[in-house]
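Have a look at protein.pdb; it's PDB, C-alpha atoms:
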ATOM      1  CA  MET A 863       0.000   0.000   0.000
ATOM      2  CA  ASP A 864       1.041   3.635  -0.526
ATOM      3  CA  ASP A 865       2.415   5.703   2.340
ATOM      4  CA  PRO A 866      -0.195   7.987   3.953
ATOM      5  CA  THR A 867      -0.112  11.723   3.295
ATOM      6  CA  SER A 868       1.404  14.069   5.867
ATOM      7  CA  THR A 869      -2.075  15.199   6.938
ATOM      8  CA  VAL A 870      -3.317  11.642   7.462
ATOM      9  CA  LEU A 871      -0.156  10.723   9.362
ATOM     10  CA  ALA A 872      -0.534  13.785  11.606
ATOM     11  CA  LEU A 873      -4.140  12.863  12.419
ATOM     12  CA  LEU A 874      -3.127   9.278  13.132
ATOM     13  CA  ALA A 875      -0.369  10.584  15.409
ATOM     14  CA  LEU A 876      -2.936  12.570  17.420
ATOM     15  CA  ALA A 877      -5.092   9.442  17.688
ATOM     16  CA  ALA A 878      -2.054   7.478  18.918
ATOM     17  CA  LEU A 879      -1.320  10.157  21.523
ATOM     18  CA  ALA A 880      -4.890  10.003  22.853
ATOM     19  CA  ALA A 881      -4.878   6.207  22.718
ATOM     20  CA  GLY A 882      -1.666   6.084  24.745
ATOM     21  CA  PHE A 883      -3.139   8.286  27.471
ATOM     22  CA  VAL A 884      -6.399   6.330  27.710
ATOM     23  CA  ASP A 885      -4.581   3.006  27.584
ATOM     24  CA  ALA A 886      -2.239   3.981  30.405
ATOM     25  CA  VAL A 887      -5.075   5.011  32.728
ATOM     26  CA  VAL A 888      -7.747   2.351  32.160
ATOM     27  CA  GLY A 889      -6.934   0.519  28.927
ATOM     28  CA  GLY A 890      -8.899   0.518  25.691
ATOM     29  CA  GLY A 891      -6.566   2.600  23.539
ATOM     30  CA  GLY A 892      -7.127   0.193  20.666
ATOM     31  CA  LEU A 893     -10.746   1.328  20.457
ATOM     32  CA  ILE A 894      -9.355   4.730  19.473
ATOM     33  CA  LEU A 895      -6.393   3.778  17.310
ATOM     34  CA  ILE A 896      -7.710   0.786  15.351
ATOM     35  CA  PRO A 897     -10.727   2.639  13.873
ATOM     36  CA  SER A 898      -8.400   5.555  13.094
ATOM     37  CA  LEU A 899      -6.032   3.233  11.235
ATOM     38  CA  LEU A 900      -8.925   1.653   9.330
ATOM     39  CA  LEU A 901     -10.101   5.099   8.268
ATOM     40  CA  GLY A 902      -6.671   6.552   7.523
ATOM     41  CA  LEU A 903      -5.248   3.484   5.776
ATOM     42  CA  PRO A 904      -8.111   2.132   3.644
ATOM     43  CA  GLY A 905      -5.690   0.118   1.512
ATOM     44  CA  ALA A 906      -4.256  -1.825   4.441
ATOM     45  CA  ALA A 907      -5.294  -5.413   5.141
ATOM     46  CA  PRO A 908      -6.978  -6.052   8.519
ATOM     47  CA  VAL A 909      -3.941  -7.977   9.772
ATOM     48  CA  GLN A 910      -1.707  -5.015   8.859
ATOM     49  CA  VAL A 911      -3.943  -2.687  10.878
ATOM     50  CA  LEU A 912      -3.826  -5.029  13.884
ATOM     51  CA  ALA A 913      -0.057  -5.485  13.612
ATOM     52  CA  THR A 914       0.679  -1.767  13.243
ATOM     53  CA  ASN A 915      -1.573  -0.998  16.192
ATOM     54  CA  LYS A 916       0.412  -3.519  18.277
ATOM     55  CA  LEU A 917       3.704  -1.838  17.352
ATOM     56  CA  ALA A 918       2.374   1.558  18.435
ATOM     57  CA  ALA A 919       0.737   0.112  21.551
ATOM     58  CA  ILE A 920       3.837  -1.662  22.838
ATOM     59  CA  CYS A 921       5.677   1.660  22.875
ATOM     60  CA  GLY A 922       3.020   3.153  25.129
ATOM     61  CA  THR A 923       2.665   0.108  27.371
ATOM     62  CA  THR A 924       6.441  -0.066  27.828
ATOM     63  CA  VAL A 925       6.719   3.417  29.299
ATOM     64  CA  SER A 926       3.446   3.236  31.270
ATOM     65  CA  SER A 927       4.397  -0.186  32.694
ATOM     66  CA  ALA A 928       7.771   1.163  33.804
ATOM     67  CA  THR A 929       6.112   4.202  35.399
ATOM     68  CA  TYR A 930       3.581   2.110  37.286
ATOM     69  CA  PHE A 931       6.255  -0.374  38.365
ATOM     70  CA  ARG A 932       8.444   2.365  39.855
ATOM     71  CA  ARG A 933       5.563   4.170  41.594
ATOM     72  CA  ILE A 934       3.165   1.366  42.636
ATOM     73  CA  ARG A 935       5.492  -1.633  43.068
ATOM     74  CA  PRO A 936       2.864  -4.275  42.114
ATOM     75  CA  ASP A 937       3.189  -7.765  43.607
ATOM     76  CA  PRO A 938       5.162 -10.025  41.207
ATOM     77  CA  ARG A 939       3.332 -13.083  42.576
ATOM     78  CA  THR A 940       0.272 -11.806  40.724
ATOM     79  CA  PHE A 941       1.589  -9.926  37.697
ATOM     80  CA  GLY A 942       4.220 -12.609  36.892
ATOM     81  CA  PRO A 943       1.762 -15.482  36.199
ATOM     82  CA  LEU A 944      -0.691 -12.995  34.725
ATOM     83  CA  MET A 945       1.899 -11.797  32.191
ATOM     84  CA  VAL A 946       3.080 -15.297  31.265
ATOM     85  CA  LEU A 947      -0.409 -16.643  30.542
ATOM     86  CA  ALA A 948      -1.425 -13.393  28.840
ATOM     87  CA  PHE A 949       1.588 -13.828  26.531
ATOM     88  CA  VAL A 950       0.585 -17.418  25.699
ATOM     89  CA  GLY A 951      -3.038 -16.449  25.137
ATOM     90  CA  SER A 952      -2.058 -13.549  22.887
ATOM     91  CA  VAL A 953       0.136 -15.784  20.714
ATOM     92  CA  LEU A 954      -2.767 -18.198  20.265
ATOM     93  CA  GLY A 955      -5.117 -15.312  19.518
ATOM     94  CA  ALA A 956      -2.757 -13.752  16.979
ATOM     95  CA  LEU A 957      -2.411 -17.096  15.202
ATOM     96  CA  ALA A 958      -6.201 -17.293  15.019
ATOM     97  CA  ALA A 959      -6.669 -13.633  14.042
ATOM     98  CA  SER A 960      -6.864 -14.251  10.302
ATOM     99  CA  GLN A 961      -9.506 -16.954  10.832
ATOM    100  CA  ILE A 962     -11.902 -14.925  12.987
ATOM    101  CA  PRO A 963     -14.010 -12.161  11.379
ATOM    102  CA  ALA A 964     -13.884  -8.889  13.311
ATOM    103  CA  SER A 965     -17.673  -8.613  12.983
ATOM    104  CA  ALA A 966     -18.051 -11.609  15.298
ATOM    105  CA  PHE A 967     -16.466  -9.719  18.172
ATOM    106  CA  ALA A 968     -18.373  -6.425  18.111
ATOM    107  CA  PRO A 969     -21.679  -7.658  19.662
ATOM    108  CA  ILE A 970     -19.800  -9.643  22.328
ATOM    109  CA  VAL A 971     -17.593  -6.684  23.216
ATOM    110  CA  LEU A 972     -20.628  -4.379  23.395
ATOM    111  CA  VAL A 973     -22.512  -6.665  25.803
ATOM    112  CA  ALA A 974     -19.384  -7.124  27.926
ATOM    113  CA  LEU A 975     -18.821  -3.365  28.144
ATOM    114  CA  ILE A 976     -22.454  -2.732  29.141
ATOM    115  CA  VAL A 977     -22.234  -5.349  31.905
ATOM    116  CA  VAL A 978     -18.864  -4.015  33.084
ATOM    117  CA  GLY A 979     -19.967  -0.376  33.063
ATOM    118  CA  THR A 980     -23.268  -1.075  34.823
ATOM    119  CA  TYR A 981     -21.571  -3.133  37.517
ATOM    120  CA  VAL A 982     -18.986  -0.445  38.271
ATOM    121  CA  VAL A 983     -21.620   2.312  38.392
ATOM    122  CA  LEU A 984     -23.846   0.298  40.744
ATOM    123  CA  LYS A 985     -20.891  -0.447  43.054
ATOM    124  CA  PRO A 986     -19.597   3.040  43.957
ATOM    125  CA  ARG A 987     -17.093   1.716  46.510
ATOM    126  CA  LEU A 988     -15.717  -0.930  44.149
ATOM    127  CA  GLY A 989     -11.969  -0.567  43.671
ATOM    128  CA  GLU A 990     -11.407   2.183  46.245
ATOM    129  CA  VAL A 991      -8.982   0.005  48.195
ATOM    130  CA  THR A 992      -7.389  -3.390  47.663
ATOM    131  CA  ALA A 993      -9.330  -6.185  49.408
ATOM    132  CA  LEU A 994      -8.242  -9.468  47.829
ATOM    133  CA  ARG A 995     -10.941 -12.124  47.440
ATOM    134  CA  PHE A 996      -8.580 -15.067  46.984
ATOM    135  CA  SER A 997      -5.232 -16.037  48.419
ATOM    136  CA  GLY A 998      -2.361 -18.405  47.713
ATOM    137  CA  ARG A 999      -2.656 -20.813  44.809
ATOM    138  CA  ARG A1000      -6.300 -19.944  44.168
ATOM    139  CA  HIS A1001      -5.363 -16.280  43.665
ATOM    140  CA  THR A1002      -2.591 -17.276  41.255
ATOM    141  CA  ALA A1003      -4.875 -19.663  39.366
ATOM    142  CA  VAL A1004      -7.539 -16.983  38.855
ATOM    143  CA  ALA A1005      -4.889 -14.531  37.648
ATOM    144  CA  MET A1006      -3.566 -17.124  35.177
ATOM    145  CA  VAL A1007      -7.009 -17.932  33.765
ATOM    146  CA  THR A1008      -7.669 -14.201  33.421
ATOM    147  CA  GLY A1009      -4.384 -13.707  31.586
ATOM    148  CA  LEU A1010      -5.003 -16.591  29.178
ATOM    149  CA  ALA A1011      -8.574 -15.611  28.276
ATOM    150  CA  ILE A1012      -8.041 -11.869  27.869
ATOM    151  CA  GLY A1013      -4.661 -12.479  26.222
ATOM    152  CA  PHE A1014      -6.337 -14.605  23.538
ATOM    153  CA  TYR A1015      -8.866 -11.855  22.875
ATOM    154  CA  ASP A1016      -6.085  -9.273  22.625
ATOM    155  CA  GLY A1017      -4.096 -11.302  20.128
ATOM    156  CA  ALA A1018      -7.154 -12.016  18.003
ATOM    157  CA  LEU A1019      -8.625  -8.494  17.979
ATOM    158  CA  GLY A1020      -7.576  -6.355  20.933
ATOM    159  CA  PRO A1021      -9.779  -3.262  21.425
ATOM    160  CA  GLY A1022     -10.740  -2.843  25.079
ATOM    161  CA  THR A1023      -8.228  -5.399  26.371
ATOM    162  CA  GLY A1024      -6.773  -3.119  29.037
ATOM    163  CA  SER A1025     -10.235  -2.196  30.307
ATOM    164  CA  PHE A1026     -11.175  -5.875  30.612
ATOM    165  CA  PHE A1027      -7.943  -6.536  32.516
ATOM    166  CA  VAL A1028      -8.656  -3.633  34.877
ATOM    167  CA  PHE A1029     -12.245  -4.678  35.524
ATOM    168  CA  THR A1030     -11.355  -8.329  36.134
ATOM    169  CA  LEU A1031      -8.552  -7.427  38.517
ATOM    170  CA  VAL A1032     -10.898  -5.095  40.425
ATOM    171  CA  GLY A1033     -14.180  -7.009  40.280
ATOM    172  CA  LEU A1034     -12.888 -10.575  40.510
ATOM    173  CA  LEU A1035      -9.606 -10.394  42.384
ATOM    174  CA  GLY A1036     -10.375  -7.375  44.577
ATOM    175  CA  TYR A1037      -7.626  -4.896  43.682
ATOM    176  CA  SER A1038      -8.062  -1.131  43.834
ATOM    177  CA  PHE A1039      -8.415   0.602  40.480
ATOM    178  CA  LEU A1040      -4.894   2.012  40.709
ATOM    179  CA  GLU A1041      -3.339  -1.361  41.588
ATOM    180  CA  ALA A1042      -5.367  -3.006  38.830
ATOM    181  CA  SER A1043      -4.220  -0.445  36.262
ATOM    182  CA  ALA A1044      -0.591  -1.127  37.169
ATOM    183  CA  LYS A1045      -0.965  -4.884  36.688
ATOM    184  CA  ALA A1046      -3.104  -4.423  33.585
ATOM    185  CA  ARG A1047      -0.343  -2.395  31.918
ATOM    186  CA  LEU A1048       2.216  -5.127  32.582
ATOM    187  CA  ALA A1049      -0.126  -7.822  31.249
ATOM    188  CA  ASN A1050      -1.020  -5.692  28.222
ATOM    189  CA  TRP A1051       2.692  -5.185  27.478
ATOM    190  CA  ALA A1052       3.093  -8.977  27.414
ATOM    191  CA  THR A1053       0.127  -9.445  25.051
ATOM    192  CA  ASN A1054       1.418  -6.754  22.698
ATOM    193  CA  LEU A1055       4.858  -8.382  22.602
ATOM    194  CA  ALA A1056       3.351 -11.816  21.984
ATOM    195  CA  ALA A1057       1.209 -10.572  19.106
ATOM    196  CA  LEU A1058       4.227  -8.883  17.506
ATOM    197  CA  CYS A1059       6.155 -12.160  17.760
ATOM    198  CA  VAL A1060       3.543 -13.544  15.362
ATOM    199  CA  PHE A1061       2.874 -10.496  13.193
ATOM    200  CA  VAL A1062       6.498  -9.431  12.535
ATOM    201  CA  PRO A1063       7.598 -12.734  10.910
ATOM    202  CA  GLN A1064       4.429 -12.551   8.793
ATOM    203  CA  GLY A1065       5.554  -9.160   7.456
ATOM    204  CA  ALA A1066       2.277  -7.595   8.586
ATOM    205  CA  VAL A1067       3.687  -4.525  10.382
ATOM    206  CA  LEU A1068       3.690  -1.168   8.545
ATOM    207  CA  TRP A1069       6.945   0.003  10.115
ATOM    208  CA  LYS A1070       7.087   3.645   8.998
ATOM    209  CA  VAL A1071       3.578   4.402  10.199
ATOM    210  CA  GLY A1072       3.886   2.208  13.277
ATOM    211  CA  LEU A1073       7.084   3.827  14.555
ATOM    212  CA  VAL A1074       5.687   7.357  14.180
ATOM    213  CA  LEU A1075       2.544   6.357  16.012
ATOM    214  CA  GLY A1076       4.650   4.520  18.571
ATOM    215  CA  VAL A1077       6.462   7.697  19.584
ATOM    216  CA  CYS A1078       3.143   9.492  20.076
ATOM    217  CA  ASN A1079       1.643   6.529  21.928
ATOM    218  CA  LEU A1080       4.690   6.479  24.194
ATOM    219  CA  ALA A1081       4.215  10.159  25.060
ATOM    220  CA  GLY A1082       0.517   9.609  25.790
ATOM    221  CA  GLY A1083       1.292   6.543  27.901
ATOM    222  CA  TYR A1084       3.844   8.422  29.973
ATOM    223  CA  VAL A1085       1.478  11.299  30.729
ATOM    224  CA  GLY A1086      -1.434   8.936  31.364
ATOM    225  CA  ALA A1087       0.454   6.743  33.831
ATOM    226  CA  ARG A1088       1.811   9.712  35.781
ATOM    227  CA  THR A1089      -1.668  11.267  35.890
ATOM    228  CA  ALA A1090      -3.239   8.056  37.204
ATOM    229  CA  VAL A1091      -0.571   7.588  39.874
ATOM    230  CA  SER A1092      -0.846  11.185  41.091
ATOM    231  CA  ARG A1093      -4.683  11.275  41.070
ATOM    232  CA  GLY A1094      -5.277   7.829  42.611
ATOM    233  CA  SER A1095      -7.979   5.149  42.407
ATOM    234  CA  ARG A1096     -10.959   7.529  42.484
ATOM    235  CA  PHE A1097      -9.747   9.321  39.345
ATOM    236  CA  VAL A1098      -9.076   5.996  37.601
ATOM    237  CA  ARG A1099     -12.579   4.766  38.485
ATOM    238  CA  VAL A1100     -14.304   7.870  37.092
ATOM    239  CA  PHE A1101     -12.107   7.819  33.991
ATOM    240  CA  PHE A1102     -12.908   4.117  33.550
ATOM    241  CA  ILE A1103     -16.665   4.789  33.602
ATOM    242  CA  VAL A1104     -16.354   7.657  31.104
ATOM    243  CA  VAL A1105     -14.206   5.611  28.717
ATOM    244  CA  VAL A1106     -16.448   2.530  28.893
ATOM    245  CA  ALA A1107     -19.534   4.696  28.254
ATOM    246  CA  ALA A1108     -17.859   6.289  25.227
ATOM    247  CA  PHE A1109     -16.932   2.873  23.843
ATOM    248  CA  ILE A1110     -20.510   1.609  24.343
ATOM    249  CA  VAL A1111     -21.832   4.563  22.349
ATOM    250  CA  ARG A1112     -19.268   4.111  19.587
ATOM    251  CA  ILE A1113     -19.646   0.342  19.170
ATOM    252  CA  GLY A1114     -23.422   0.405  19.702
ATOM    253  CA  GLY A1115     -23.865   3.165  17.135
ATOM    254  CA  GLU A1116     -21.716   1.254  14.680
ATOM    255  CA  LEU A1117     -23.791  -1.906  15.077
ATOM    256  CA  LEU A1118     -27.008   0.103  14.658
ATOM    257  CA  GLY A1119     -25.639   1.734  11.518
ATOM    258  CA  LEU A1120     -25.671   5.241  12.941
ATOM    259  CA  TRP A1121     -22.133   5.804  11.627
ATOM    260  CA  GLY A1122     -19.552   3.864   9.641
TER
END
Let me see the file written as structure tokens.
Amino acid sequence: MDDPTSTVLALLALAALAAGFVDAVVGGGGLILIPSLLLGLPGAAPVQVLATNKLAAICGTTVSSATYFRRIRPDPRTFGPLMVLAFVGSVLGALAASQIPASAFAPIVLVALIVVGTYVVLKPRLGEVTALRFSGRRHTAVAMVTGLAIGFYDGALGPGTGSFFVFTLVGLLGYSFLEASAKARLANWATNLAALCVFVPQGAVLWKVGLVLGVCNLAGGYVGARTAVSRGSRFVRVFFIVVVAAFIVRIGGELLGLWG
């Protein structure tokens, strides 16, 4: 495909910047960047869009993960198994990506987001502080299953992955929103790396576009992570609700044919 014009590349860079910020706080940057890539690069194959998004996203998740790790010091007994199984799941998902139509995911993602958003709104104290629901091997097992399932989804499609990680870590395991965001970034970094391990050998990555967007995504991720750490769990919770609501409107409107 032809290289995008300077105007298109600049608009995609702004989308990558916004995606990096959103992704660093609550996840879901792919729901901003992937539609932007589809619109800005109409000649690209779906797998090229997914692969280029992963290249940009791993830049943002690298810097946001490092920021969270330095400031929050998440427990490696949770994020270690979570990352490993998320990596495995993402590889399997990326291998299956070309076999699964994107249209099959949209209704499922919409229902999941509605359930997630409603649950968080109806539980105003959810995620204010860490109150773990499991311990020992059971805690590790739940984290591993979470990593495998959400990792597969991320490798196969990806939009909203970080938000699903955050919600599961808060709603199922009992972490605060800030703690969950820290672990979600580390897991999301692993899924991005795993997907690239599949997409790069396939030659699917659009390197020129991806590296430009990666720089912008990195800047957005850095600002987003620092903002979340300084503002705390309450800010992350409110931001999570706003982002999930926006994604429900966007995906729901798309399914109803209100916009392309």
How would you write, as JSON, numbers by chain, the residues chosen by the PyMOL selection byres ((chain A and resi 880-893) around 8) on this structure? {"A": [876, 877, 878, 879, 894, 895, 896, 897, 915, 919, 922, 923, 926, 1020, 1021, 1022, 1023, 1024, 1025, 1026, 1027, 1028, 1043, 1046, 1047, 1078, 1079, 1080, 1081, 1082, 1083, 1084, 1085, 1086, 1087, 1089, 1090, 1098, 1101, 1102, 1105, 1109]}
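Run against this file, the PyMOL selection byres ((chain A and resi 871) around 12) gives back Asp865, Pro866, Thr867, Ser868, Thr869, Val870, Ala872, Leu873, Leu874, Ala875, Leu876, Ala877, Ala878, Ser898, Leu899, Leu901, Gly902, Leu903, Lys1070, Val1071, Gly1072, Leu1073, Val1074, Leu1075 and Cys1078 of chain A.
The gap separating CA of Trp1051 in chain A from CA of Ala1011 in chain A is 15.4 Å, in Å to one decimal.
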How would you write, as number ranges by chain, the residues chosen by the PyMOL selection byres ((chain A and resi 1113) around 12) on this structure? A: 893-894, 897, 965, 967-976, 1021-1022, 1106-1112, 1114-1122
Same residues, C-alpha atoms, saved as a PDB file, in the frame of the given file:
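And here is the file that came out, out.pdb:
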ATOM      1  CA  LEU A 893     -10.746   1.328  20.457  1.00  0.00           C
ATOM      2  CA  ILE A 894      -9.355   4.730  19.473  1.00  0.00           C
ATOM      3  CA  PRO A 897     -10.727   2.639  13.873  1.00  0.00           C
ATOM      4  CA  SER A 965     -17.673  -8.613  12.983  1.00  0.00           C
ATOM      5  CA  PHE A 967     -16.466  -9.719  18.172  1.00  0.00           C
ATOM      6  CA  ALA A 968     -18.373  -6.425  18.111  1.00  0.00           C
ATOM      7  CA  PRO A 969     -21.679  -7.658  19.662  1.00  0.00           C
ATOM      8  CA  ILE A 970     -19.800  -9.643  22.328  1.00  0.00           C
ATOM      9  CA  VAL A 971     -17.593  -6.684  23.216  1.00  0.00           C
ATOM     10  CA  LEU A 972     -20.628  -4.379  23.395  1.00  0.00           C
ATOM     11  CA  VAL A 973     -22.512  -6.665  25.803  1.00  0.00           C
ATOM     12  CA  ALA A 974     -19.384  -7.124  27.926  1.00  0.00           C
ATOM     13  CA  LEU A 975     -18.821  -3.365  28.144  1.00  0.00           C
ATOM     14  CA  ILE A 976     -22.454  -2.732  29.141  1.00  0.00           C
ATOM     15  CA  PRO A1021      -9.779  -3.262  21.425  1.00  0.00           C
ATOM     16  CA  GLY A1022     -10.740  -2.843  25.079  1.00  0.00           C
ATOM     17  CA  VAL A1106     -16.448   2.530  28.893  1.00  0.00           C
ATOM     18  CA  ALA A1107     -19.534   4.696  28.254  1.00  0.00           C
ATOM     19  CA  ALA A1108     -17.859   6.289  25.227  1.00  0.00           C
ATOM     20  CA  PHE A1109     -16.932   2.873  23.843  1.00  0.00           C
ATOM     21  CA  ILE A1110     -20.510   1.609  24.343  1.00  0.00           C
ATOM     22  CA  VAL A1111     -21.832   4.563  22.349  1.00  0.00           C
ATOM     23  CA  ARG A1112     -19.268   4.111  19.587  1.00  0.00           C
ATOM     24  CA  GLY A1114     -23.422   0.405  19.702  1.00  0.00           C
ATOM     25  CA  GLY A1115     -23.865   3.165  17.135  1.00  0.00           C
ATOM     26  CA  GLU A1116     -21.716   1.254  14.680  1.00  0.00           C
ATOM     27  CA  LEU A1117     -23.791  -1.906  15.077  1.00  0.00           C
ATOM     28  CA  LEU A1118     -27.008   0.103  14.658  1.00  0.00           C
ATOM     29  CA  GLY A1119     -25.639   1.734  11.518  1.00  0.00           C
ATOM     30  CA  LEU A1120     -25.671   5.241  12.941  1.00  0.00           C
ATOM     31  CA  TRP A1121     -22.133   5.804  11.627  1.00  0.00           C
ATOM     32  CA  GLY A1122     -19.552   3.864   9.641  1.00  0.00           C
TER      33      GLY A1122
END
Exercise: residues within 12 Å of coordinate (-6.1, -16.6, 21.6), counting all atoms listed in the file, as a ChimeraX atom specification: /A:947-962,1009-1020,1053,1056-1057,1060
As JSON, please report the centre and edge lengths, rounded to one decimal in Å, of the axis-aligned box that holds all listed atoms of range 1039-1058 of chain A with 3 Å of padding on each of the six sides.
{"center_x": -1.8, "center_y": -4.9, "center_z": 29.5, "size_x": 19.3, "size_y": 19.8, "size_z": 30.1}
When you count all atoms listed in the file, which of these residues is closest to Thr1030 in chain A: A:Ile934, A:Cys1059, A:Leu944, A:Val1091? A:Leu944
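What separates CA of Thr1002 in chain A from CA of Leu1040 in chain A is a distance of 19.4 Å.
CA of Glu1041 in chain A sits 8.0 Å away from CA of Ser1095 in chain A.
Closest approach to Thr992 in chain A among A:Val946, A:Ala906, A:Val1062, A:Ala1042 is made by A:Ala1042 (distances from all atoms listed in the file).
Distance check against Val991 in chain A using all atoms listed in the file: of A:Val1100, A:Ser1038, A:Ala1049, A:Gly942, the minimum falls on A:Ser1038.
Distances from A:Val1007, A:Ala1052, A:Ala1044, A:Leu1068 to Arg933 in chain A were compared using all atoms listed in the file, and the smallest one belongs to A:Ala1044.
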